[in-house]
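Notes for the one structure printed next.
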Amino acid sequence: MTIAGQLHEAARPIWAACLTHPFVTGIGDGTLPVERFRYFLLQDYLYLFDYARVFALGVAKAREPALMRLFSANVDAILNGEMDIHRSYMARLGITEEQVLSVRPALDNLAYTSYMLSTAYAGGPAEITASILACSWSYAEIGQALARQPGAAEHPFYGTWIQGYASAEYAATNQGLIDLINRLGEGADLQRLEEIFVACSRYELGFWDMAWSMAP
């Protein structure tokens, strides 16, 4: 089994809970109340800035030019790619970026991003990739699972979100991170990488709980 496969297996029960979470299933069947999605959208937009900062720390800590370029490309993919999904919904909901930036991050959001950033500051490229991959890979699996549901990707409101995370472009970016953890994990502390990956997977599940309850 690959290193990525070991990490995936360790987090399997948590990811199964994400796939069956009422927030996620509500996106899939179109029943999620828009006010809950709006809350999620604002919190996730704030989250992505810190997510990009974790990648940026990878640029700072990398010693190989190719690895620096890979981390840098992911910073760009977040700020000028993934966040476009959020901006399109913000436009539909009449939300400006200034309004988003005036929102306070929920405590669960702060806890998650603080954990990732502290992991990145304390660790190296392998630990940084493990912390990033839990988010990227789980969203790829959720997007693909929802896209397989008849009509879900064509939903007039939630279809755009599903299509974005089920897209070939997103899958390719995620596969690049899977390949990277398999390379960087060689010779690394696998127990530590698994600890990080599982913790971030737990934070992912907690993020769905936070969005569902619209926690302060």
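Residues are named by chain letter and number: chains run A, B, ... in the order of the structure tokens, numbers start at 1 in each chain, and ligands are numbered from 1 in the order shown.
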Could you give me, as a Markdown table, a per-residue list for region 118-138 of chain A showing, wherever an atom lies at most 7 Å from an atom of region 192-204 of chain A, the closest pair of atoms and their distance in Å to one decimal, using only C-alpha atoms and sorting by chain then residue number from low to high?
| residue | atom | partner | partner_atom | distance |
| --- | --- | --- | --- | --- |
| A:Glu127 | CA | A:Leu193 | CA | 6.0 |
| A:Ala130 | CA | A:Phe197 | CA | 5.4 |
| A:Ser131 | CA | A:Phe197 | CA | 5.6 |
| A:Ala134 | CA | A:Ser201 | CA | 5.5 |
| A:Cys135 | CA | A:Glu204 | CA | 6.7 |
### Option closest in space to Gly81 (chain A), from A:Asn182, A:Thr96, A:Thr173, A:Gln6 [counting only C-alpha atoms]
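Among the listed residues, A:Thr173 lies closest to Gly81 (chain A).
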### Task
Determine, counting only C-alpha atoms, which protein, DNA and RNA residues have an atom within 9 Å of an atom of region 102-115 of chain A; residues of the same chain fewer than 2 positions away are not included. Present the result as a PyMOL selection string.
chain A and resi 42-44+46-47+50-51+54+97-100+117-120+131+199-200+203-204+206-207+210+214-216
### Task
Write down as a count of residues only the residues of region 44-154 of chain A whose backbone DSSP state falls under alpha helix (DSSP H).
86
### Query
If you measure from CA of His155 (chain A) to CA of Leu79 (chain A), what distance in Å do you get, rounded to one decimal?
25.4 Å
Within 12 Å of Leu32 (chain A), counting only C-alpha atoms, which residues show up once you throw out same-chain ones fewer than 3 positions away? Write them as an mmCIF file with N, CA and C atoms, in the first residue's frame, please.
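Dumped to out-v6.cif:
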data_model
loop_
_atom_site.group_PDB
_atom_site.id
_atom_site.type_symbol
_atom_site.label_atom_id
_atom_site.label_comp_id
_atom_site.auth_asym_id
_atom_site.auth_seq_id
_atom_site.Cartn_x
_atom_site.Cartn_y
_atom_site.Cartn_z
ATOM 1 N N HIS A 21 -22.773 13.331 5.987
ATOM 2 C CA HIS A 21 -23.155 14.463 6.835
ATOM 3 C C HIS A 21 -24.365 15.166 6.218
ATOM 4 N N PRO A 22 -25.317 15.622 7.036
ATOM 5 C CA PRO A 22 -26.514 16.262 6.476
ATOM 6 C C PRO A 22 -26.213 17.509 5.651
ATOM 7 N N PHE A 23 -25.132 18.221 5.960
ATOM 8 C CA PHE A 23 -24.780 19.385 5.142
ATOM 9 C C PHE A 23 -24.389 18.927 3.743
ATOM 10 N N VAL A 24 -23.557 17.893 3.676
ATOM 11 C CA VAL A 24 -23.084 17.385 2.381
ATOM 12 C C VAL A 24 -24.226 16.748 1.596
ATOM 13 N N THR A 25 -25.023 15.925 2.256
ATOM 14 C CA THR A 25 -26.138 15.293 1.547
ATOM 15 C C THR A 25 -27.170 16.334 1.117
ATOM 16 N N GLY A 26 -27.269 17.430 1.879
ATOM 17 C CA GLY A 26 -28.183 18.513 1.507
ATOM 18 C C GLY A 26 -27.742 19.229 0.248
ATOM 19 N N ILE A 27 -26.426 19.335 0.042
ATOM 20 C CA ILE A 27 -25.929 19.883 -1.220
ATOM 21 C C ILE A 27 -26.289 18.931 -2.356
ATOM 22 N N GLY A 28 -26.105 17.638 -2.098
ATOM 23 C CA GLY A 28 -26.344 16.645 -3.134
ATOM 24 C C GLY A 28 -27.789 16.550 -3.591
ATOM 25 N N ASP A 29 -28.726 16.643 -2.648
ATOM 26 C CA ASP A 29 -30.133 16.522 -3.044
ATOM 27 C C ASP A 29 -30.826 17.880 -3.176
ATOM 28 N N GLU A 35 -29.309 29.730 3.701
ATOM 29 C CA GLU A 35 -28.647 30.491 4.764
ATOM 30 C C GLU A 35 -27.510 29.686 5.394
ATOM 31 N N ARG A 36 -27.641 28.357 5.432
ATOM 32 C CA ARG A 36 -26.546 27.530 5.945
ATOM 33 C C ARG A 36 -25.391 27.512 4.949
ATOM 34 N N PHE A 37 -25.715 27.429 3.680
ATOM 35 C CA PHE A 37 -24.656 27.456 2.668
ATOM 36 C C PHE A 37 -23.950 28.807 2.674
ATOM 37 N N ARG A 38 -24.701 29.877 2.854
ATOM 38 C CA ARG A 38 -24.106 31.217 2.905
ATOM 39 C C ARG A 38 -23.110 31.314 4.054
ATOM 40 N N TYR A 39 -23.490 30.792 5.218
ATOM 41 C CA TYR A 39 -22.590 30.778 6.372
ATOM 42 C C TYR A 39 -21.324 29.998 6.028
ATOM 43 N N PHE A 40 -21.514 28.812 5.455
ATOM 44 C CA PHE A 40 -20.374 27.974 5.072
ATOM 45 C C PHE A 40 -19.468 28.693 4.084
ATOM 46 N N HIS A 155 -28.062 20.853 -10.585
ATOM 47 C CA HIS A 155 -28.927 21.634 -9.711
ATOM 48 C C HIS A 155 -28.697 23.121 -9.993
ATOM 49 N N PHE A 157 -28.653 25.726 -8.225
ATOM 50 C CA PHE A 157 -27.853 26.487 -7.259
ATOM 51 C C PHE A 157 -26.596 25.716 -6.857
ATOM 52 N N TYR A 158 -26.741 24.499 -6.385
ATOM 53 C CA TYR A 158 -25.600 23.758 -5.864
ATOM 54 C C TYR A 158 -24.784 23.042 -6.941
ATOM 55 N N ALA A 211 -20.708 24.293 10.057
ATOM 56 C CA ALA A 211 -21.551 24.916 9.029
ATOM 57 C C ALA A 211 -23.020 24.536 9.219
ATOM 58 N N TRP A 212 -23.252 23.281 9.601
ATOM 59 C CA TRP A 212 -24.630 22.823 9.795
ATOM 60 C C TRP A 212 -25.311 23.560 10.927
#
#### Entry: Interatomic distance, CA of Gln149 (chain A) to CA of Asp179 (chain A) (Å, one decimal)
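Computing it gives 28.0 Å between the two atoms.
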### Message
I'd like the interatomic distance between CA of Ile14 (chain A) and CA of Ala52 (chain A), to a tenth of an Å.
### Response
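Pair CA of Ile14 (chain A) / CA of Ala52 (chain A) returns 23.7 Å.
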